[in-house]
Amino acid sequence: MSLVASFQNPVADAQYSFRRILKALSEPGVSVQLPAMPGFGALGSASACVLLTLIDQDTPLWLSASLNDEILRKNLRFHTGAVLTDSPSAVSFALADPALDSATLLAFPCGDEMSPELATSVIVQLGALTGGTPLRLRGPGIESSRTISPLLPDAVRDYLLNRPHRFPLGLDFMFTCGEELIAVPRTTRVEVC
């Protein structure tokens, strides 16, 4: 059987996950713990929680090749009704691995002046949320500054440091590892420490 159980307590766990994701997005760089659950295929627990909480039939999803297996596709369709697409230019969400490259990042929608909410939220499943290049975060939700050091792909780190789109345009990022999540929304300014 390739279907995997969803949240243990679907309503309570989905609500809890939603509140934790909102906390991560409103306090960039703060690590939040999501409910423990089995992942789908190569998908980790936190990534699965984010997808189960935020994805539905109205939010097209792009998947990195290494995560895009039959188990994940079947479970996403069953639990969320997700519309999966191979075109990065037409998605609301993207689930990426550390092999994410600059060309793909720049192909994701970044919104426009009239509808910045049409930008892609990029979920990147990482090997660790510590041990990488220390990055200083500043902006809304951060009193003065906050330092994080996830093991980011070079393309993502370069994107965050150079933000090729002028605010309010741009991509929002959620970094997951195990049951933990860190978010860096487009409102956050990032620099190397």
# chains A, B, ... in the order shown; residues from 1 in each chain; ligands from 1
call {"tool": "closest_atom_pairs", "arguments": {"of": "range 92-130 of chain A", "to": "range 161-173 of chain A", "cutoff": "9 Å", "atoms": "only C-alpha atoms", "output": "Markdown table"}}
result
| residue | atom | partner | partner_atom | distance |
| --- | --- | --- | --- | --- |
| A:Leu105 | CA | A:Leu171 | CA | 8.6 |
| A:Leu106 | CA | A:Pro164 | CA | 8.6 |
| A:Phe108 | CA | A:Leu171 | CA | 7.9 |
| A:Pro109 | CA | A:Leu171 | CA | 7.8 |
| A:Cys110 | CA | A:Gly170 | CA | 4.5 |
| A:Gly111 | CA | A:Leu169 | CA | 5.5 |
| A:Asp112 | CA | A:Leu169 | CA | 6.1 |
| A:Glu113 | CA | A:Leu169 | CA | 7.1 |
| A:Ser115 | CA | A:Leu169 | CA | 8.8 |
| A:Pro116 | CA | A:Leu169 | CA | 5.5 |
| A:Glu117 | CA | A:Leu169 | CA | 8.4 |
| A:Ala119 | CA | A:Leu171 | CA | 5.9 |
| A:Thr120 | CA | A:Leu171 | CA | 5.6 |
| A:Ser121 | CA | A:Asp172 | CA | 4.8 |
| A:Val122 | CA | A:Phe173 | CA | 4.8 |
| A:Ile123 | CA | A:Phe173 | CA | 5.9 |
| A:Val124 | CA | A:Phe173 | CA | 7.3 |
call {"tool": "write_last_selection", "arguments": {"atoms": "N, CA, C and O atoms", "output": "CSV table (one decimal), in the first residue's frame"}}
result
chain,number,residue,atom,x,y,z
A,105,LEU,N,14.5,28.8,-9.9
A,105,LEU,CA,14.1,29.8,-9.0
A,105,LEU,C,13.5,31.0,-9.7
A,105,LEU,O,12.5,31.6,-9.3
A,106,LEU,N,14.2,31.5,-10.7
A,106,LEU,CA,13.8,32.7,-11.5
A,106,LEU,C,12.6,32.4,-12.3
A,106,LEU,O,11.9,33.4,-12.8
A,108,PHE,N,9.9,30.7,-11.2
A,108,PHE,CA,8.8,30.7,-10.4
A,108,PHE,C,8.1,32.1,-10.4
A,108,PHE,O,8.8,33.1,-10.4
A,109,PRO,N,6.8,32.2,-10.4
A,109,PRO,CA,6.1,33.5,-10.4
A,109,PRO,C,6.5,34.3,-9.1
A,109,PRO,O,6.6,33.8,-8.0
A,110,CYS,N,6.7,35.6,-9.3
A,110,CYS,CA,7.1,36.5,-8.2
A,110,CYS,C,6.0,37.5,-7.9
A,110,CYS,O,6.2,38.4,-7.2
A,111,GLY,N,4.8,37.3,-8.5
A,111,GLY,CA,3.7,38.2,-8.3
A,111,GLY,C,3.9,39.5,-9.2
A,111,GLY,O,4.9,39.5,-10.0
A,112,ASP,N,3.0,40.4,-9.1
A,112,ASP,CA,3.2,41.7,-9.8
A,112,ASP,C,2.7,42.8,-8.9
A,112,ASP,O,2.2,42.5,-7.8
A,113,GLU,N,2.9,44.0,-9.4
A,113,GLU,CA,2.5,45.2,-8.5
A,113,GLU,C,1.1,45.1,-8.0
A,113,GLU,O,0.8,45.5,-6.9
A,115,SER,N,-0.9,42.3,-7.8
A,115,SER,CA,-1.2,41.1,-7.2
A,115,SER,C,0.1,40.4,-6.7
A,115,SER,O,0.5,39.3,-7.1
A,116,PRO,N,0.8,41.0,-5.7
A,116,PRO,CA,2.0,40.3,-5.2
A,116,PRO,C,1.7,39.0,-4.5
A,116,PRO,O,2.6,38.2,-4.4
A,117,GLU,N,0.5,38.7,-4.1
A,117,GLU,CA,0.2,37.5,-3.5
A,117,GLU,C,0.2,36.3,-4.4
A,117,GLU,O,0.2,35.1,-4.0
A,119,ALA,N,2.8,35.3,-5.9
A,119,ALA,CA,4.2,34.8,-5.9
A,119,ALA,C,4.2,33.4,-5.4
A,119,ALA,O,3.3,33.0,-4.6
A,120,THR,N,5.2,32.7,-5.7
A,120,THR,CA,5.4,31.3,-5.3
A,120,THR,C,6.0,31.2,-3.9
A,120,THR,O,6.9,32.0,-3.5
A,121,SER,N,5.5,30.3,-3.1
A,121,SER,CA,6.1,30.0,-1.8
A,121,SER,C,6.9,28.7,-2.0
A,121,SER,O,6.4,27.7,-2.5
A,122,VAL,N,8.2,28.8,-1.7
A,122,VAL,CA,9.1,27.7,-2.0
A,122,VAL,C,9.5,27.0,-0.7
A,122,VAL,O,10.0,27.6,0.2
A,123,ILE,N,9.2,25.7,-0.7
A,123,ILE,CA,9.5,24.9,0.5
A,123,ILE,C,10.8,24.1,0.1
A,123,ILE,O,10.7,23.4,-0.9
A,124,VAL,N,11.8,24.3,0.8
A,124,VAL,CA,13.1,23.6,0.5
A,124,VAL,C,13.4,22.7,1.6
A,124,VAL,O,13.6,23.1,2.8
call {"tool": "residues_around", "arguments": {"residues": "Leu135 in chain A", "least_positions_apart": "3", "cutoff": "12 Å", "atoms": "only C-alpha atoms", "output": "list in words"}}
result
Pro28, Gly29, Leu129, Thr130, Gly131, Gly132, Arg138, Ser145, Arg146, Thr147, Ile148, Ser149, Pro150, Leu151, Leu152, Arg157, Asp158, Leu160, Leu161, Val184, Thr188, Arg189, Val190, Glu191, Val192 and Cys193 of chain A
call {"tool": "residues_around", "arguments": {"residues": "range 59-72 of chain A", "least_positions_apart": "3", "cutoff": "7 Å", "atoms": "only C-alpha atoms", "output": "JSON, numbers by chain"}}
result
{"A": [2, 40, 41, 42, 43, 55, 56, 75, 76, 82, 83, 84, 85, 86, 87, 88, 91, 92, 93, 94, 95, 96, 97]}
call {"tool": "atom_distance", "arguments": {"atom1": "CA of Cys49 in chain A", "atom2": "CA of Ala5 in chain A"}}
result
11.7 Å
call {"tool": "closest_residue", "arguments": {"among": "A:Arg19, A:Met114, A:Gly39, A:Leu54", "to": "Cys177 in chain A", "atoms": "only C-alpha atoms"}}
result
A:Gly39
call {"tool": "closest_residue", "arguments": {"among": "A:Pro185, A:Gly44, A:Gly127, A:Pro98", "to": "Pro153 in chain A", "atoms": "only C-alpha atoms"}}
result
A:Pro98
call {"tool": "select_by_dssp", "arguments": {"residues": "chain A", "states": "strand (DSSP E)", "output": "tab-separated table (two decimals) with N, CA and C atoms, in the first residue's frame"}}
result
chain	number	residue	atom	x	y	z
A	32	VAL	N	10.44	26.58	14.25
A	32	VAL	CA	9.23	26.04	14.89
A	32	VAL	C	9.17	24.54	14.67
A	33	GLN	N	8.58	23.86	15.62
A	33	GLN	CA	8.41	22.41	15.59
A	33	GLN	C	7.01	22.10	15.07
A	61	LEU	N	1.23	22.89	-7.60
A	61	LEU	CA	2.47	22.55	-6.90
A	61	LEU	C	3.49	21.98	-7.88
A	62	TRP	N	4.72	22.48	-7.81
A	62	TRP	CA	5.85	21.96	-8.58
A	62	TRP	C	6.74	21.17	-7.63
A	63	LEU	N	7.28	20.04	-8.09
A	63	LEU	CA	8.13	19.18	-7.27
A	63	LEU	C	9.51	19.01	-7.90
A	84	LEU	N	-0.55	18.87	-9.54
A	84	LEU	CA	0.89	18.84	-9.73
A	84	LEU	C	1.22	19.28	-11.15
A	85	THR	N	2.26	20.09	-11.29
A	85	THR	CA	2.65	20.58	-12.60
A	85	THR	C	4.17	20.51	-12.77
A	93	PHE	N	2.97	26.98	-5.14
A	93	PHE	CA	3.94	26.39	-4.22
A	93	PHE	C	4.93	25.55	-4.99
A	94	ALA	N	6.14	25.46	-4.44
A	94	ALA	CA	7.17	24.59	-5.01
A	94	ALA	C	7.81	23.84	-3.85
A	95	LEU	N	8.04	22.55	-4.08
A	95	LEU	CA	8.74	21.72	-3.09
A	95	LEU	C	10.07	21.34	-3.71
A	96	ALA	N	11.16	21.81	-3.11
A	96	ALA	CA	12.48	21.64	-3.71
A	96	ALA	C	13.42	20.91	-2.77
A	121	SER	N	5.46	30.33	-3.08
A	121	SER	CA	6.07	29.99	-1.79
A	121	SER	C	6.90	28.74	-2.04
A	122	VAL	N	8.21	28.83	-1.74
A	122	VAL	CA	9.14	27.75	-2.04
A	122	VAL	C	9.50	27.03	-0.74
A	123	ILE	N	9.17	25.74	-0.67
A	123	ILE	CA	9.50	24.90	0.47
A	123	ILE	C	10.76	24.13	0.07
A	124	VAL	N	11.84	24.31	0.82
A	124	VAL	CA	13.09	23.63	0.50
A	124	VAL	C	13.41	22.66	1.63
A	125	GLN	N	13.45	21.38	1.30
A	125	GLN	CA	13.79	20.35	2.29
A	125	GLN	C	15.30	20.23	2.35
A	135	LEU	N	23.72	33.77	8.25
A	135	LEU	CA	23.02	34.85	7.57
A	135	LEU	C	22.31	35.71	8.61
A	136	ARG	N	22.41	37.02	8.45
A	136	ARG	CA	21.74	37.96	9.36
A	136	ARG	C	20.44	38.40	8.69
A	137	LEU	N	19.34	38.29	9.43
A	137	LEU	CA	18.03	38.68	8.94
A	137	LEU	C	17.58	39.96	9.62
A	138	ARG	N	16.97	40.85	8.84
A	138	ARG	CA	16.40	42.09	9.38
A	138	ARG	C	15.07	42.34	8.69
A	146	ARG	N	18.37	38.81	13.45
A	146	ARG	CA	18.36	37.41	13.85
A	146	ARG	C	19.33	36.67	12.93
A	147	THR	N	20.07	35.73	13.47
A	147	THR	CA	21.04	34.98	12.67
A	147	THR	C	20.58	33.54	12.52
A	148	ILE	N	20.67	33.05	11.28
A	148	ILE	CA	20.37	31.64	10.98
A	148	ILE	C	21.53	31.08	10.18
A	172	ASP	N	8.71	33.69	-1.30
A	172	ASP	CA	8.76	33.42	0.13
A	172	ASP	C	9.35	32.02	0.29
A	173	PHE	N	10.23	31.85	1.29
A	173	PHE	CA	10.89	30.56	1.49
A	173	PHE	C	10.54	29.95	2.83
A	174	MET	N	10.36	28.64	2.83
A	174	MET	CA	10.22	27.85	4.05
A	174	MET	C	11.24	26.73	3.96
A	175	PHE	N	12.11	26.64	4.96
A	175	PHE	CA	13.15	25.62	4.99
A	175	PHE	C	12.78	24.59	6.04
A	176	THR	N	12.79	23.31	5.64
A	176	THR	CA	12.40	22.24	6.54
A	176	THR	C	13.52	21.23	6.72
A	177	CYS	N	13.54	20.62	7.88
A	177	CYS	CA	14.44	19.51	8.16
A	177	CYS	C	13.83	18.75	9.33
A	180	GLU	N	11.28	20.33	11.92
A	180	GLU	CA	11.47	21.77	12.11
A	180	GLU	C	11.27	22.56	10.84
A	181	LEU	N	10.89	23.82	11.02
A	181	LEU	CA	10.64	24.75	9.92
A	181	LEU	C	11.20	26.12	10.27
A	182	ILE	N	11.86	26.75	9.31
A	182	ILE	CA	12.30	28.15	9.40
A	182	ILE	C	11.79	28.84	8.14
A	183	ALA	N	11.24	30.03	8.27
A	183	ALA	CA	10.74	30.76	7.11
A	183	ALA	C	11.52	32.06	6.92
A	184	VAL	N	11.69	32.43	5.65
A	184	VAL	CA	12.29	33.71	5.28
A	184	VAL	C	11.40	34.30	4.18
A	189	ARG	N	15.20	41.19	4.84
A	189	ARG	CA	16.50	41.51	4.21
A	189	ARG	C	17.54	40.54	4.78
A	190	VAL	N	18.36	40.00	3.90
A	190	VAL	CA	19.35	38.98	4.27
A	190	VAL	C	20.73	39.42	3.88
A	191	GLU	N	21.68	39.24	4.80
A	191	GLU	CA	23.09	39.53	4.49
A	191	GLU	C	23.96	38.49	5.18
A	192	VAL	N	25.14	38.27	4.63
A	192	VAL	CA	26.09	37.33	5.24
A	192	VAL	C	26.68	37.99	6.47
call {"tool": "select_by_dssp", "arguments": {"residues": "chain A", "states": "helix (DSSP H, G or I)", "output": "ChimeraX atom specification"}}
result
/A:10-26,45-54,70-80,88-90,102-107,116-118,154-162
call {"tool": "residues_around", "arguments": {"residues": "Phe18 in chain A", "least_positions_apart": "6", "cutoff": "10 Å", "atoms": "only C-alpha atoms", "output": "PyMOL selection string"}}
result
chain A and resi 12+24+34+49-50+52-54
call {"tool": "atom_distance", "arguments": {"atom1": "CA of Asp154 in chain A", "atom2": "CA of Ile142 in chain A"}}
result
24.4 Å
call {"tool": "closest_residue", "arguments": {"among": "A:Leu51, A:Leu22, A:Leu126, A:Ala14", "to": "Gly81 in chain A", "atoms": "only C-alpha atoms"}}
result
A:Leu51
call {"tool": "closest_residue", "arguments": {"among": "A:Pro35, A:Pro134, A:Gly178, A:Gly139", "to": "Arg20 in chain A", "atoms": "only C-alpha atoms"}}
result
A:Pro35
call {"tool": "atom_distance", "arguments": {"atom1": "CA of Lys23 in chain A", "atom2": "CA of Gly141 in chain A"}}
result
9.5 Å
call {"tool": "decode", "arguments": {"residues": "range 16-51 of chain A", "atoms": "N, CA and C atoms", "output": "compact mmCIF listing (two decimals), in the first residue's frame"}}
result
# COMPACT_ATOMS: atom_id res chain seq x y z
N TYR A 16 -2.95 23.28 14.39
CA TYR A 16 -1.69 23.53 15.08
C TYR A 16 -0.59 23.84 14.06
N SER A 17 -0.51 23.04 12.99
CA SER A 17 0.50 23.27 11.95
C SER A 17 0.32 24.65 11.33
N PHE A 18 -0.91 25.03 11.05
CA PHE A 18 -1.17 26.34 10.45
C PHE A 18 -0.67 27.46 11.36
N ARG A 19 -0.95 27.36 12.65
CA ARG A 19 -0.49 28.39 13.60
C ARG A 19 1.04 28.43 13.67
N ARG A 20 1.69 27.27 13.64
CA ARG A 20 3.16 27.22 13.69
C ARG A 20 3.77 27.78 12.40
N ILE A 21 3.18 27.49 11.25
CA ILE A 21 3.67 28.04 9.98
C ILE A 21 3.51 29.55 10.00
N LEU A 22 2.37 30.06 10.48
CA LEU A 22 2.18 31.51 10.59
C LEU A 22 3.21 32.14 11.51
N LYS A 23 3.52 31.47 12.62
CA LYS A 23 4.54 31.99 13.53
C LYS A 23 5.88 32.08 12.81
N ALA A 24 6.25 31.03 12.07
CA ALA A 24 7.53 31.04 11.34
C ALA A 24 7.56 32.16 10.31
N LEU A 25 6.47 32.38 9.59
CA LEU A 25 6.43 33.43 8.57
C LEU A 25 6.41 34.83 9.18
N SER A 26 5.78 34.98 10.34
CA SER A 26 5.69 36.30 10.97
C SER A 26 6.91 36.63 11.83
N GLU A 27 7.72 35.62 12.16
CA GLU A 27 8.95 35.82 12.90
C GLU A 27 10.09 35.14 12.14
N PRO A 28 10.53 35.76 11.03
CA PRO A 28 11.52 35.11 10.17
C PRO A 28 12.75 34.65 10.94
N GLY A 29 13.18 33.42 10.63
CA GLY A 29 14.37 32.87 11.24
C GLY A 29 14.12 32.09 12.52
N VAL A 30 12.91 32.17 13.07
CA VAL A 30 12.57 31.41 14.27
C VAL A 30 12.25 29.99 13.85
N SER A 31 12.87 29.02 14.51
CA SER A 31 12.63 27.62 14.22
C SER A 31 11.39 27.16 14.98
N VAL A 32 10.44 26.58 14.25
CA VAL A 32 9.23 26.04 14.89
C VAL A 32 9.17 24.54 14.67
N GLN A 33 8.58 23.86 15.62
CA GLN A 33 8.41 22.41 15.59
C GLN A 33 7.01 22.10 15.07
N LEU A 34 6.91 21.24 14.05
CA LEU A 34 5.62 20.82 13.52
C LEU A 34 5.30 19.42 14.03
N PRO A 35 4.03 19.01 13.96
CA PRO A 35 3.66 17.68 14.47
C PRO A 35 4.46 16.57 13.79
N ALA A 36 4.84 15.59 14.57
CA ALA A 36 5.55 14.43 14.01
C ALA A 36 4.57 13.59 13.22
N MET A 37 5.00 13.22 12.03
CA MET A 37 4.18 12.34 11.20
C MET A 37 5.08 11.67 10.17
N PRO A 38 4.65 10.56 9.60
CA PRO A 38 5.47 9.95 8.57
C PRO A 38 5.47 10.84 7.33
N GLY A 39 6.60 10.90 6.66
CA GLY A 39 6.64 11.64 5.40
C GLY A 39 6.09 10.76 4.29
N PHE A 40 6.03 11.30 3.10
CA PHE A 40 5.57 10.55 1.93
C PHE A 40 6.78 10.29 1.05
N GLY A 41 7.22 9.05 0.95
CA GLY A 41 8.39 8.74 0.12
C GLY A 41 9.61 9.44 0.68
N ALA A 42 10.26 10.28 -0.14
CA ALA A 42 11.46 11.00 0.27
C ALA A 42 11.13 12.26 1.07
N LEU A 43 9.86 12.52 1.26
CA LEU A 43 9.43 13.75 1.94
C LEU A 43 9.54 13.60 3.45
N GLY A 44 10.14 14.58 4.12
CA GLY A 44 10.28 14.57 5.56
C GLY A 44 9.01 15.01 6.26
N SER A 45 8.99 14.88 7.57
CA SER A 45 7.83 15.18 8.39
C SER A 45 7.37 16.63 8.27
N ALA A 46 8.28 17.60 8.44
CA ALA A 46 7.89 19.00 8.38
C ALA A 46 7.39 19.39 7.00
N SER A 47 8.05 18.91 5.96
CA SER A 47 7.60 19.20 4.59
C SER A 47 6.20 18.65 4.37
N ALA A 48 5.95 17.43 4.85
CA ALA A 48 4.63 16.83 4.71
C ALA A 48 3.58 17.66 5.45
N CYS A 49 3.91 18.12 6.65
CA CYS A 49 2.97 18.96 7.42
C CYS A 49 2.63 20.24 6.67
N VAL A 50 3.64 20.90 6.11
CA VAL A 50 3.40 22.14 5.37
C VAL A 50 2.48 21.87 4.19
N LEU A 51 2.76 20.82 3.43
CA LEU A 51 1.93 20.52 2.26
C LEU A 51 0.50 20.15 2.67
